[in-house]
Amino acid sequence: MTRDPQPGQAKAHAEPHVVLAHSGRVIAGAARCILSAQGFRVSIAEDADAVRAALAPGPEASVDALVIDVAMPDGFEMVTPARVAGVRCVILVASVFRRTSYKRRPRRLYGADDYVEIHHLGDHLPQRLRKHLGMGELYAQQEGFQAVLEGLRDRADDRLGRQTPEGLAALIVADLLLYNGDHVSDADSVDEAYAAVAGDLAEARELFAGIDPEAASSDRDLIGESFRRLVRGLELPIGVEVERESPT
């Protein structure tokens, strides 16, 4: 259910400041357009250094929510400094649009509050931000925004084909990690985490091979290498358990 803003309502309360950490300029720009219409002040951070700068203390520093693309280098690791900085809400964004069997409902999110599928940045993201920040119901969708939403869905997986082999593997593995927070967080070592998600890693390799068959035919296991590297870089806090609908 949505509601129309009353005259002057947007000025009645300070707009919550959302830092949107996403390296895709088209996707980030479209999401900012939609979030701005829902009563948020949005800053875009294109890498982890820009996130750290946004979180740094200062006279203008006030971040209410951080939305993180999990495929951004050091993306998962931004949860802890966000908490230290007093950010009220952290939401992770899946990095791969395509449906895979590993896209099951995650129960642990590495310390974040929630997650959203990349193709739902335009509808689920504003809903969840408003819920976590206690802002009430959504404003009515403005005319013309349906085209923006469709553009987000159309662009969701474009970047898969523009990656280096190493970058493609990292992007796929980051997505896999989002949906396996419970298995990874419960593991006592990288090897144990690897064994716990072996089946999902096999599917990740199939996805990789379908996009870059030449790289997949090499002797290197880029998916396995990326998994071990990303898991070693994680601090593994006990994540917030969430109840969400199955990904659509």
# chains A, B, ... in the order shown; residues from 1 in each chain; ligands from 1
call {"tool": "residues_around", "arguments": {"residues": "segment 76-81 of chain A", "least_positions_apart": "5", "cutoff": "10 Å", "atoms": "only C-alpha atoms", "output": "VMD selection string"}}
result
chain A and resid 21 48 to 49 51 to 52 55 to 56 66 to 71 86 to 87 89 to 92 109 to 113 174 177 to 178 230 to 231 233 to 237
call {"tool": "write_last_selection", "arguments": {"atoms": "C-alpha atoms", "output": "PDB file, in the first residue's frame"}}
result
ATOM      1  CA  ALA A  21      27.694   1.724  -2.464  1.00  0.00           C
ATOM      2  CA  ALA A  48      35.105   1.048  -0.480  1.00  0.00           C
ATOM      3  CA  ASP A  49      37.320   4.124  -0.019  1.00  0.00           C
ATOM      4  CA  VAL A  51      32.266   4.460   1.713  1.00  0.00           C
ATOM      5  CA  ARG A  52      34.937   4.975   4.370  1.00  0.00           C
ATOM      6  CA  LEU A  55      31.418   7.219   7.268  1.00  0.00           C
ATOM      7  CA  ALA A  56      34.279   9.349   8.600  1.00  0.00           C
ATOM      8  CA  LEU A  66      24.276   1.986   3.979  1.00  0.00           C
ATOM      9  CA  VAL A  67      23.282  -0.092   0.940  1.00  0.00           C
ATOM     10  CA  ILE A  68      26.158  -2.263  -0.276  1.00  0.00           C
ATOM     11  CA  ASP A  69      26.674  -4.129  -3.536  1.00  0.00           C
ATOM     12  CA  VAL A  70      28.273  -7.352  -2.276  1.00  0.00           C
ATOM     13  CA  ALA A  71      30.401  -7.586  -5.435  1.00  0.00           C
ATOM     14  CA  GLY A  86      26.435   4.438  14.162  1.00  0.00           C
ATOM     15  CA  VAL A  87      24.679   3.647  10.878  1.00  0.00           C
ATOM     16  CA  CYS A  89      20.512   0.204   8.828  1.00  0.00           C
ATOM     17  CA  VAL A  90      22.770  -1.835   6.532  1.00  0.00           C
ATOM     18  CA  ILE A  91      21.327  -3.623   3.500  1.00  0.00           C
ATOM     19  CA  LEU A  92      23.256  -5.940   1.186  1.00  0.00           C
ATOM     20  CA  LEU A 109      23.972 -11.521   6.696  1.00  0.00           C
ATOM     21  CA  TYR A 110      27.456 -10.875   8.082  1.00  0.00           C
ATOM     22  CA  GLY A 111      26.082  -8.295  10.516  1.00  0.00           C
ATOM     23  CA  ALA A 112      23.776  -6.511   8.049  1.00  0.00           C
ATOM     24  CA  ASP A 113      20.065  -6.015   8.696  1.00  0.00           C
ATOM     25  CA  ALA A 174      30.179 -12.583  -3.787  1.00  0.00           C
ATOM     26  CA  LEU A 177      28.387 -15.718  -0.201  1.00  0.00           C
ATOM     27  CA  LEU A 178      25.351 -13.517   0.359  1.00  0.00           C
ATOM     28  CA  LEU A 230      36.913 -13.468  -0.184  1.00  0.00           C
ATOM     29  CA  VAL A 231      36.281 -15.695   2.827  1.00  0.00           C
ATOM     30  CA  GLY A 233      38.994 -11.307   4.037  1.00  0.00           C
ATOM     31  CA  LEU A 234      35.761 -11.622   5.971  1.00  0.00           C
ATOM     32  CA  GLU A 235      35.364 -10.813   9.597  1.00  0.00           C
ATOM     33  CA  LEU A 236      32.614 -13.226  10.549  1.00  0.00           C
ATOM     34  CA  PRO A 237      30.287 -11.572  13.058  1.00  0.00           C
TER      35      PRO A 237
END
call {"tool": "select_by_dssp", "arguments": {"residues": "segment 7-239 of chain A", "states": "strand (DSSP E or B)", "output": "ChimeraX atom specification"}}
result
/A:17-21,41-45,65-69,89-93,114-116,138-139
call {"tool": "select_by_dssp", "arguments": {"residues": "segment 24-208 of chain A", "states": "helix (DSSP H, G or I)", "output": "tab-separated table (two decimals) with N, CA and C atoms, in the first residue's frame"}}
result
chain	number	residue	atom	x	y	z
A	25	ARG	N	27.25	2.67	-12.48
A	25	ARG	CA	26.73	4.04	-12.47
A	25	ARG	C	25.27	4.12	-12.92
A	26	VAL	N	24.90	3.34	-13.92
A	26	VAL	CA	23.52	3.38	-14.40
A	26	VAL	C	22.58	2.84	-13.34
A	27	ILE	N	22.93	1.70	-12.76
A	27	ILE	CA	22.09	1.10	-11.72
A	27	ILE	C	22.01	2.01	-10.51
A	28	ALA	N	23.15	2.54	-10.06
A	28	ALA	CA	23.17	3.41	-8.89
A	28	ALA	C	22.37	4.68	-9.15
A	29	GLY	N	22.51	5.24	-10.34
A	29	GLY	CA	21.80	6.47	-10.65
A	29	GLY	C	20.29	6.27	-10.68
A	30	ALA	N	19.85	5.14	-11.24
A	30	ALA	CA	18.42	4.86	-11.28
A	30	ALA	C	17.88	4.62	-9.88
A	31	ALA	N	18.63	3.88	-9.07
A	31	ALA	CA	18.19	3.62	-7.69
A	31	ALA	C	18.13	4.92	-6.90
A	32	ARG	N	19.10	5.82	-7.11
A	32	ARG	CA	19.07	7.10	-6.40
A	32	ARG	C	17.83	7.91	-6.78
A	33	CYS	N	17.47	7.89	-8.05
A	33	CYS	CA	16.29	8.61	-8.51
A	33	CYS	C	15.04	8.12	-7.78
A	34	ILE	N	14.91	6.81	-7.67
A	34	ILE	CA	13.74	6.22	-7.01
A	34	ILE	C	13.75	6.50	-5.52
A	35	LEU	N	14.90	6.32	-4.88
A	35	LEU	CA	14.98	6.56	-3.43
A	35	LEU	C	14.74	8.02	-3.08
A	36	SER	N	15.23	8.93	-3.91
A	36	SER	CA	15.02	10.35	-3.66
A	36	SER	C	13.54	10.69	-3.65
A	37	ALA	N	12.79	10.05	-4.54
A	37	ALA	CA	11.35	10.29	-4.60
A	37	ALA	C	10.61	9.69	-3.41
A	48	ALA	N	35.04	1.13	-1.94
A	48	ALA	CA	35.11	1.05	-0.48
A	48	ALA	C	35.73	2.29	0.13
A	49	ASP	N	36.70	2.90	-0.55
A	49	ASP	CA	37.32	4.12	-0.02
A	49	ASP	C	36.29	5.24	0.09
A	50	ALA	N	35.40	5.33	-0.90
A	50	ALA	CA	34.36	6.36	-0.86
A	50	ALA	C	33.38	6.08	0.28
A	51	VAL	N	33.12	4.80	0.57
A	51	VAL	CA	32.27	4.46	1.71
A	51	VAL	C	32.93	4.90	3.01
A	52	ARG	N	34.22	4.59	3.15
A	52	ARG	CA	34.94	4.97	4.37
A	52	ARG	C	34.92	6.49	4.55
A	53	ALA	N	35.09	7.21	3.45
A	53	ALA	CA	35.07	8.67	3.53
A	53	ALA	C	33.70	9.17	3.98
A	54	ALA	N	32.63	8.54	3.49
A	54	ALA	CA	31.28	8.95	3.88
A	54	ALA	C	31.01	8.67	5.34
A	55	LEU	N	31.64	7.61	5.87
A	55	LEU	CA	31.42	7.22	7.27
A	55	LEU	C	32.31	7.97	8.24
A	76	PHE	N	31.56	-6.67	1.76
A	76	PHE	CA	31.11	-7.27	3.01
A	76	PHE	C	31.80	-6.63	4.22
A	77	GLU	N	33.06	-6.26	4.04
A	77	GLU	CA	33.84	-5.72	5.16
A	77	GLU	C	33.39	-4.31	5.58
A	78	MET	N	32.51	-3.69	4.79
A	78	MET	CA	32.03	-2.35	5.14
A	78	MET	C	30.96	-2.37	6.24
A	79	VAL	N	30.44	-3.56	6.56
A	79	VAL	CA	29.40	-3.63	7.59
A	79	VAL	C	29.93	-3.19	8.95
A	80	THR	N	31.11	-3.67	9.31
A	80	THR	CA	31.66	-3.34	10.64
A	80	THR	C	31.93	-1.85	10.82
A	81	PRO	N	32.65	-1.18	9.90
A	81	PRO	CA	32.83	0.27	10.10
A	81	PRO	C	31.53	1.05	10.08
A	82	ALA	N	30.54	0.54	9.35
A	82	ALA	CA	29.23	1.22	9.36
A	82	ALA	C	28.62	1.15	10.75
A	83	ARG	N	28.72	0.00	11.38
A	83	ARG	CA	28.18	-0.14	12.73
A	83	ARG	C	28.93	0.75	13.72
A	84	VAL	N	30.24	0.78	13.58
A	84	VAL	CA	31.05	1.63	14.45
A	84	VAL	C	30.67	3.10	14.30
A	118	ILE	N	19.10	-7.68	-6.77
A	118	ILE	CA	19.52	-6.54	-7.58
A	118	ILE	C	18.37	-6.01	-8.45
A	119	HIS	N	17.50	-6.91	-8.93
A	119	HIS	CA	16.41	-6.46	-9.79
A	119	HIS	C	15.24	-5.90	-8.99
A	120	HIS	N	15.37	-5.86	-7.66
A	120	HIS	CA	14.34	-5.25	-6.83
A	120	HIS	C	14.84	-3.99	-6.12
A	124	HIS	N	11.67	-3.21	-3.73
A	124	HIS	CA	11.89	-3.74	-2.39
A	124	HIS	C	12.83	-2.87	-1.56
A	125	LEU	N	13.84	-2.28	-2.20
A	125	LEU	CA	14.80	-1.49	-1.42
A	125	LEU	C	14.16	-0.32	-0.69
A	126	PRO	N	13.38	0.55	-1.35
A	126	PRO	CA	12.75	1.64	-0.60
A	126	PRO	C	11.81	1.14	0.48
A	127	GLN	N	11.12	0.04	0.25
A	127	GLN	CA	10.24	-0.53	1.27
A	127	GLN	C	11.02	-0.93	2.51
A	128	ARG	N	12.13	-1.61	2.30
A	128	ARG	CA	12.90	-2.12	3.44
A	128	ARG	C	13.64	-1.01	4.17
A	129	LEU	N	14.13	-0.04	3.43
A	129	LEU	CA	14.75	1.11	4.09
A	129	LEU	C	13.74	1.84	4.97
A	130	ARG	N	12.58	2.12	4.45
A	130	ARG	CA	11.57	2.83	5.22
A	130	ARG	C	11.15	2.03	6.45
A	131	LYS	N	11.06	0.71	6.30
A	131	LYS	CA	10.70	-0.14	7.43
A	131	LYS	C	11.76	-0.08	8.52
A	132	HIS	N	13.02	-0.28	8.15
A	132	HIS	CA	14.10	-0.32	9.15
A	132	HIS	C	14.34	1.04	9.79
A	145	PHE	N	8.14	6.39	-13.38
A	145	PHE	CA	9.13	5.59	-12.66
A	145	PHE	C	9.12	4.12	-13.06
A	146	GLN	N	8.02	3.66	-13.67
A	146	GLN	CA	7.98	2.28	-14.13
A	146	GLN	C	9.08	2.03	-15.15
A	147	ALA	N	9.35	3.02	-15.99
A	147	ALA	CA	10.42	2.89	-16.98
A	147	ALA	C	11.78	2.77	-16.30
A	148	VAL	N	11.95	3.50	-15.21
A	148	VAL	CA	13.20	3.41	-14.45
A	148	VAL	C	13.35	2.03	-13.86
A	149	LEU	N	12.27	1.50	-13.27
A	149	LEU	CA	12.30	0.16	-12.69
A	149	LEU	C	12.64	-0.89	-13.73
A	150	GLU	N	12.02	-0.77	-14.90
A	150	GLU	CA	12.30	-1.73	-15.96
A	150	GLU	C	13.74	-1.62	-16.44
A	151	GLY	N	14.26	-0.40	-16.45
A	151	GLY	CA	15.65	-0.21	-16.84
A	151	GLY	C	16.60	-0.88	-15.87
A	152	LEU	N	16.27	-0.82	-14.57
A	152	LEU	CA	17.09	-1.50	-13.57
A	152	LEU	C	17.12	-3.00	-13.83
A	153	ARG	N	15.98	-3.58	-14.11
A	153	ARG	CA	15.92	-5.02	-14.35
A	153	ARG	C	16.67	-5.39	-15.62
A	154	ASP	N	16.55	-4.54	-16.64
A	154	ASP	CA	17.23	-4.82	-17.91
A	154	ASP	C	18.74	-4.77	-17.77
A	155	ARG	N	19.22	-3.87	-16.91
A	155	ARG	CA	20.67	-3.70	-16.77
A	155	ARG	C	21.28	-4.59	-15.71
A	158	ASP	N	23.95	-7.00	-17.04
A	158	ASP	CA	24.81	-6.55	-18.13
A	158	ASP	C	26.28	-6.64	-17.77
A	159	ARG	N	26.60	-6.33	-16.53
A	159	ARG	CA	28.02	-6.25	-16.17
A	159	ARG	C	28.69	-7.61	-16.12
A	160	LEU	N	27.93	-8.71	-16.10
A	160	LEU	CA	28.55	-10.03	-16.11
A	160	LEU	C	29.42	-10.22	-17.35
A	161	GLY	N	28.93	-9.74	-18.47
A	161	GLY	CA	29.67	-9.93	-19.72
A	161	GLY	C	30.80	-8.94	-19.92
A	162	ARG	N	30.93	-7.96	-19.02
A	162	ARG	CA	31.98	-6.94	-19.17
A	162	ARG	C	33.16	-7.15	-18.22
A	165	PRO	N	38.01	-12.37	-16.44
A	165	PRO	CA	37.70	-13.66	-15.81
A	165	PRO	C	37.77	-13.61	-14.29
A	166	GLU	N	38.79	-12.93	-13.76
A	166	GLU	CA	38.92	-12.83	-12.31
A	166	GLU	C	37.78	-12.01	-11.71
A	167	GLY	N	37.40	-10.93	-12.41
A	167	GLY	CA	36.32	-10.09	-11.92
A	167	GLY	C	34.98	-10.80	-11.97
A	168	LEU	N	34.75	-11.59	-13.02
A	168	LEU	CA	33.52	-12.36	-13.14
A	168	LEU	C	33.42	-13.39	-12.01
A	169	ALA	N	34.52	-14.07	-11.73
A	169	ALA	CA	34.51	-15.07	-10.65
A	169	ALA	C	34.21	-14.40	-9.31
A	170	ALA	N	34.82	-13.24	-9.06
A	170	ALA	CA	34.59	-12.54	-7.80
A	170	ALA	C	33.15	-12.10	-7.67
A	171	LEU	N	32.56	-11.64	-8.76
A	171	LEU	CA	31.18	-11.18	-8.74
A	171	LEU	C	30.23	-12.33	-8.42
A	172	ILE	N	30.44	-13.47	-9.07
A	172	ILE	CA	29.58	-14.64	-8.84
A	172	ILE	C	29.76	-15.16	-7.41
A	173	VAL	N	30.99	-15.23	-6.94
A	173	VAL	CA	31.24	-15.76	-5.60
A	173	VAL	C	30.67	-14.82	-4.53
A	174	ALA	N	30.77	-13.52	-4.74
A	174	ALA	CA	30.18	-12.58	-3.79
A	174	ALA	C	28.69	-12.82	-3.65
A	175	ASP	N	28.03	-13.07	-4.78
A	175	ASP	CA	26.60	-13.37	-4.77
A	175	ASP	C	26.34	-14.65	-3.99
A	176	LEU	N	27.15	-15.67	-4.24
A	176	LEU	CA	27.00	-16.94	-3.53
A	176	LEU	C	27.17	-16.76	-2.03
A	177	LEU	N	28.15	-15.95	-1.63
A	177	LEU	CA	28.39	-15.72	-0.20
A	177	LEU	C	27.19	-15.07	0.48
A	178	LEU	N	26.52	-14.17	-0.23
A	178	LEU	CA	25.35	-13.52	0.36
A	178	LEU	C	24.32	-14.55	0.80
A	179	TYR	N	24.09	-15.55	-0.02
A	179	TYR	CA	23.05	-16.53	0.27
A	179	TYR	C	23.53	-17.68	1.14
A	181	GLY	N	25.40	-17.12	4.13
A	181	GLY	CA	25.94	-16.54	5.35
A	181	GLY	C	25.94	-17.48	6.53
A	182	ASP	N	24.92	-18.34	6.63
A	182	ASP	CA	24.88	-19.25	7.77
A	182	ASP	C	26.01	-20.27	7.69
A	183	HIS	N	26.21	-20.88	6.51
A	183	HIS	CA	27.26	-21.88	6.36
A	183	HIS	C	28.65	-21.28	6.56
A	184	VAL	N	28.86	-20.11	5.99
A	184	VAL	CA	30.18	-19.49	6.08
A	184	VAL	C	30.46	-19.02	7.51
A	185	SER	N	29.47	-18.41	8.15
A	185	SER	CA	29.67	-17.90	9.50
A	185	SER	C	29.87	-19.01	10.52
A	186	ASP	N	29.28	-20.18	10.27
A	186	ASP	CA	29.42	-21.29	11.21
A	186	ASP	C	30.72	-22.06	11.02
A	190	VAL	N	38.53	-21.66	6.45
A	190	VAL	CA	38.18	-21.48	5.05
A	190	VAL	C	37.88	-22.83	4.41
A	191	ASP	N	38.66	-23.85	4.74
A	191	ASP	CA	38.43	-25.18	4.16
A	191	ASP	C	37.07	-25.72	4.57
A	192	GLU	N	36.68	-25.49	5.81
A	192	GLU	CA	35.38	-25.97	6.27
A	192	GLU	C	34.25	-25.22	5.56
A	193	ALA	N	34.42	-23.93	5.36
A	193	ALA	CA	33.43	-23.16	4.62
A	193	ALA	C	33.33	-23.64	3.18
A	194	TYR	N	34.48	-23.92	2.59
A	194	TYR	CA	34.54	-24.42	1.21
A	194	TYR	C	33.76	-25.72	1.09
A	195	ALA	N	33.99	-26.64	2.03
A	195	ALA	CA	33.31	-27.93	1.99
A	195	ALA	C	31.80	-27.77	2.19
A	196	ALA	N	31.41	-26.81	3.03
A	196	ALA	CA	29.99	-26.62	3.35
A	196	ALA	C	29.18	-26.14	2.15
A	198	ALA	N	30.16	-26.71	-1.17
A	198	ALA	CA	30.75	-27.33	-2.36
A	198	ALA	C	29.75	-27.46	-3.49
A	199	GLY	N	28.51	-27.84	-3.17
A	199	GLY	CA	27.50	-27.98	-4.21
A	199	GLY	C	27.18	-26.66	-4.89
A	200	ASP	N	27.08	-25.59	-4.11
A	200	ASP	CA	26.80	-24.28	-4.67
A	200	ASP	C	27.98	-23.76	-5.48
A	201	LEU	N	29.20	-24.09	-5.06
A	201	LEU	CA	30.37	-23.70	-5.83
A	201	LEU	C	30.36	-24.39	-7.20
A	202	ALA	N	29.90	-25.62	-7.24
A	202	ALA	CA	29.81	-26.33	-8.52
A	202	ALA	C	28.84	-25.61	-9.46
A	203	GLU	N	27.72	-25.13	-8.93
A	203	GLU	CA	26.79	-24.38	-9.77
A	203	GLU	C	27.39	-23.04	-10.18
A	204	ALA	N	28.14	-22.42	-9.27
A	204	ALA	CA	28.80	-21.16	-9.62
A	204	ALA	C	29.76	-21.37	-10.78
A	205	ARG	N	30.45	-22.50	-10.79
A	205	ARG	CA	31.37	-22.80	-11.90
A	205	ARG	C	30.60	-22.97	-13.21
A	206	GLU	N	29.42	-23.58	-13.13
A	206	GLU	CA	28.60	-23.74	-14.33
A	206	GLU	C	28.15	-22.38	-14.87
A	207	LEU	N	27.75	-21.50	-13.97
A	207	LEU	CA	27.36	-20.15	-14.38
A	207	LEU	C	28.54	-19.44	-15.03
A	208	PHE	N	29.70	-19.54	-14.41
A	208	PHE	CA	30.92	-18.92	-14.94
A	208	PHE	C	31.22	-19.46	-16.34
call {"tool": "closest_residue", "arguments": {"among": "A:Gly24, A:Gly122, A:Pro73, A:Ala45", "to": "Ser226 of chain A", "atoms": "only C-alpha atoms"}}
result
A:Pro73
call {"tool": "atom_distance", "arguments": {"atom1": "atom CA of Arg232 of chain A", "atom2": "atom CA of Asn180 of chain A"}}
result
15.0 Å
call {"tool": "atom_distance", "arguments": {"atom1": "atom CA of Val42 of chain A", "atom2": "atom CA of Val93 of chain A"}}
result
15.8 Å
